[in-house]
Amino acid sequence: MRNILAIAGKELRAYFHSPIAYVVMTIWAALTGFAFYLHLMVYSEEMFYMQGRGGMGAPPINLNDVIIRPMLEGFLLIVLLFLTPVITMRLFAEEKRSGSIELLLTSPVTDLEIILGKYLGALTLLVSLMVLTFVYVGLLFLYGNPDAKPVIAGALGMLLFGAALLSIGMWISTFSKNQIIAGAVTLAVLLLMYILVWLRGVATGPVGQFIAGLSLGIHIESFAKGVIDVGDLLYYVSVIFLGIFLTARSVDALKGRP
């Protein structure tokens with residue numbers, strides 16, 4: 001465990017010693033703030049409209065449905081799809097480019113410790129983005145009364161979604177010395193896995209529905225609604241472990257193992 005934490009700390013320092021962390025966090029904070037502002041304006045307009053009509057017996061507007069759920073289920077997921085390749089593209093590609101990969105793989109640490117350490121470093125940066133998001137959400141609790149359970153479920157879903165993206169991006173990073181190529185391929189793969197959800201509306205057979213069920217996006221819906229579904233939970237955990245397993249196989253190939 002000590003080796004994993006040491007490697008994770010090294011990766012995290014590398015992020016902040018380069019522009020990557022600052023660029024990613026700035027873009028994320030700006031776009032999160034923009035999305036929060038837009039949804040807050042929609043909520044305010046609906047409130048003013050209802051007050052202007054005297055309520056008319058309509059139920060109160062729910063903060064979770066108008067602001068929190070659309071943010072967590074829609075716009076921010078797309079932003080995360082584009083930012084994740086920026087986080088993962090350097091994990092192994094930079095090591096290969098600089099030639100330090102040989103030194104790392106022959107150091108007195110196991111392959112799994114290297115992989116988990118790098119993954120944990122990237123995951124820590126991702127968690128910092130989540131914290132920025134829920135600073136805005138915290139304002140709703142300060143000045144409003146949203147339901148906490150859907151927020152907690154949505155936060156868990158977004159974290160699992162991001163963690164699955166990181167594992168895939170880390171695996172793809174093992175194939176190239178060029179960070180830009182690794183990032184571009186990762187983005188293409190993640191977008192493809194996300195838009196598989198579109199098949200749900202057009203596929204009629206069991207095969208099409210099965211393929212749609214493999215989408216990264218379809219399994220976040222229940223979390224955004226405040227429901228922690230075991231099937232969705234297992235899906236993301238499976239993708240995370242698959243990404244780590246495939247990375248381990250790629251690292252074996254880098255060492256010339258059969």
# chains A, B, ... in the order shown; residues from 1 in each chain; ligands from 1
$ residues_around --residues "region 242-246 of chain A" --least-positions-apart "5" --cutoff "7 Å" --atoms "only C-alpha atoms" --output "list in words"
Ser167, Ile168 and Trp171 of chain A
$ write_last_selection --atoms "C-alpha atoms" --output "PDB file, in the first residue's frame"
ATOM      1  CA  SER A 167      -9.607   3.090 -16.270  1.00  0.00           C
ATOM      2  CA  ILE A 168     -10.283   2.974 -20.012  1.00  0.00           C
ATOM      3  CA  TRP A 171      -5.322   1.387 -20.667  1.00  0.00           C
TER       4      TRP A 171
END
$ residues_around --residues "region 24-26 of chain A" --least-positions-apart "2" --cutoff "10 Å" --atoms "only C-alpha atoms" --output "number ranges by chain"
A: 15, 19-22, 28-32, 80, 82-84, 86-87, 125-126, 128-129, 132
$ select_by_dssp --residues "region 138-244 of chain A" --states "alpha helix (DSSP H)" --output "PyMOL selection string"
chain A and resi 138-143+148-173+179-195+199-202+206-213+221-224+230-244
$ residues_around --residues "region 181-190 of chain A" --least-positions-apart "6" --cutoff "7 Å" --atoms "only C-alpha atoms" --output "PyMOL selection string"
chain A and resi 81-82+85-86+89+169+172-173
$ write_last_selection --atoms "N, CA and C atoms" --output "PDB file, in the first residue's frame"
ATOM      1  N   LEU A  81     -16.473  13.620 -20.287  1.00  0.00           N
ATOM      2  CA  LEU A  81     -16.008  12.786 -21.398  1.00  0.00           C
ATOM      3  C   LEU A  81     -14.834  13.438 -22.127  1.00  0.00           C
ATOM      4  N   PHE A  82     -14.865  14.757 -22.258  1.00  0.00           N
ATOM      5  CA  PHE A  82     -13.809  15.462 -22.979  1.00  0.00           C
ATOM      6  C   PHE A  82     -12.595  15.751 -22.102  1.00  0.00           C
ATOM      7  N   PRO A  85      -9.775  12.300 -21.104  1.00  0.00           N
ATOM      8  CA  PRO A  85      -8.580  11.981 -21.895  1.00  0.00           C
ATOM      9  C   PRO A  85      -7.394  12.896 -21.593  1.00  0.00           C
ATOM     10  N   VAL A  86      -7.666  14.141 -21.211  1.00  0.00           N
ATOM     11  CA  VAL A  86      -6.581  15.057 -20.850  1.00  0.00           C
ATOM     12  C   VAL A  86      -5.886  14.577 -19.576  1.00  0.00           C
ATOM     13  N   MET A  89      -4.072  10.841 -20.586  1.00  0.00           N
ATOM     14  CA  MET A  89      -3.199  10.673 -21.751  1.00  0.00           C
ATOM     15  C   MET A  89      -1.720  10.580 -21.395  1.00  0.00           C
ATOM     16  N   GLY A 169      -9.145   5.115 -20.177  1.00  0.00           N
ATOM     17  CA  GLY A 169      -8.115   6.020 -20.667  1.00  0.00           C
ATOM     18  C   GLY A 169      -6.715   5.588 -20.269  1.00  0.00           C
ATOM     19  N   ILE A 172      -5.620   2.787 -22.634  1.00  0.00           N
ATOM     20  CA  ILE A 172      -5.271   3.288 -23.964  1.00  0.00           C
ATOM     21  C   ILE A 172      -3.937   4.028 -23.936  1.00  0.00           C
ATOM     22  N   SER A 173      -3.612   4.651 -22.811  1.00  0.00           N
ATOM     23  CA  SER A 173      -2.356   5.394 -22.690  1.00  0.00           C
ATOM     24  C   SER A 173      -1.133   4.489 -22.799  1.00  0.00           C
TER      25      SER A 173
END
$ residues_around --residues "Leu112 (chain A)" --least-positions-apart "2" --cutoff "12 Å" --atoms "only C-alpha atoms" --output "PyMOL selection string"
chain A and resi 1+3-4+7+105+108-110+114-120+241+244-252
$ write_last_selection --atoms "C-alpha atoms" --output "tab-separated table (two decimals), in the first residue's frame"
chain	number	residue	atom	x	y	z
A	1	MET	CA	0.00	0.00	0.00
A	3	ASN	CA	4.25	1.95	-2.78
A	4	ILE	CA	0.82	2.63	-4.30
A	7	ILE	CA	3.30	6.45	-6.92
A	105	LEU	CA	9.09	-1.34	-14.70
A	108	PRO	CA	11.29	-2.86	-6.82
A	109	VAL	CA	7.51	-2.46	-7.12
A	110	THR	CA	5.00	-4.76	-8.73
A	114	ILE	CA	2.42	0.89	-10.52
A	115	ILE	CA	-0.98	0.67	-12.20
A	116	LEU	CA	-2.99	1.26	-9.04
A	117	GLY	CA	-0.72	4.12	-8.01
A	118	LYS	CA	-1.12	5.89	-11.33
A	119	TYR	CA	-4.85	5.24	-11.32
A	120	LEU	CA	-5.21	6.55	-7.77
A	241	PHE	CA	-11.68	-3.67	-13.09
A	244	ILE	CA	-7.15	-2.12	-14.80
A	245	PHE	CA	-6.86	-5.74	-16.02
A	246	LEU	CA	-6.27	-4.67	-19.63
A	247	THR	CA	-3.69	-2.14	-18.45
A	248	ALA	CA	-1.89	-4.92	-16.59
A	249	ARG	CA	-1.80	-7.03	-19.74
A	250	SER	CA	-0.42	-4.09	-21.72
A	251	VAL	CA	2.24	-3.47	-19.09
A	252	ASP	CA	3.20	-7.15	-19.33
$ closest_residue --among "A:Val23, A:Ala253, A:Ala164, A:Ala6" --to "His219 (chain A)" --atoms "only C-alpha atoms"
A:Ala164
$ residues_around --residues "region 151-156 of chain A" --least-positions-apart "5" --cutoff "10 Å" --atoms "only C-alpha atoms" --output "PDB file with C-alpha atoms, in the first residue's frame"
ATOM      1  CA  ASN A  64     -33.385  18.376  -7.496  1.00  0.00           C
ATOM      2  CA  ILE A  68     -29.205  19.150  -9.671  1.00  0.00           C
ATOM      3  CA  ARG A  69     -30.412  16.229 -11.787  1.00  0.00           C
ATOM      4  CA  MET A  71     -26.480  19.012 -14.231  1.00  0.00           C
ATOM      5  CA  LEU A  72     -25.366  15.564 -13.066  1.00  0.00           C
ATOM      6  CA  GLU A  73     -27.167  13.583 -15.777  1.00  0.00           C
ATOM      7  CA  MET A 130     -16.274  16.546  -7.977  1.00  0.00           C
ATOM      8  CA  VAL A 131     -15.584  18.717  -4.927  1.00  0.00           C
ATOM      9  CA  THR A 133     -19.061  20.706  -8.461  1.00  0.00           C
ATOM     10  CA  PHE A 134     -20.609  20.209  -5.061  1.00  0.00           C
ATOM     11  CA  VAL A 137     -24.661  22.265  -4.981  1.00  0.00           C
ATOM     12  CA  PRO A 146     -33.172  20.068  -1.900  1.00  0.00           C
ATOM     13  CA  PHE A 161     -18.806   7.164 -14.236  1.00  0.00           C
ATOM     14  CA  GLY A 162     -15.571   9.168 -14.074  1.00  0.00           C
ATOM     15  CA  ILE A 220     -25.942   6.943 -14.822  1.00  0.00           C
ATOM     16  CA  GLU A 221     -29.666   7.648 -15.199  1.00  0.00           C
ATOM     17  CA  SER A 222     -30.843   5.820 -12.093  1.00  0.00           C
ATOM     18  CA  PHE A 223     -28.143   7.471  -9.958  1.00  0.00           C
ATOM     19  CA  ALA A 224     -29.250  10.915 -11.181  1.00  0.00           C
ATOM     20  CA  LYS A 225     -32.809  10.038 -10.126  1.00  0.00           C
ATOM     21  CA  GLY A 226     -31.574   9.175  -6.632  1.00  0.00           C
ATOM     22  CA  VAL A 227     -31.746   5.391  -7.078  1.00  0.00           C
ATOM     23  CA  ILE A 228     -28.663   3.237  -6.469  1.00  0.00           C
ATOM     24  CA  ASP A 229     -29.317   0.232  -8.696  1.00  0.00           C
ATOM     25  CA  LEU A 233     -23.226  -0.272  -9.676  1.00  0.00           C
TER      26      LEU A 233
END
$ atom_distance --atom1 "CA of His39 (chain A)" --atom2 "CA of Phe75 (chain A)"
10.8 Å
$ atom_distance --atom1 "CA of Leu139 (chain A)" --atom2 "CA of Ala163 (chain A)"
25.7 Å
$ atom_distance --atom1 "CA of Gly213 (chain A)" --atom2 "CA of Leu196 (chain A)"
7.8 Å
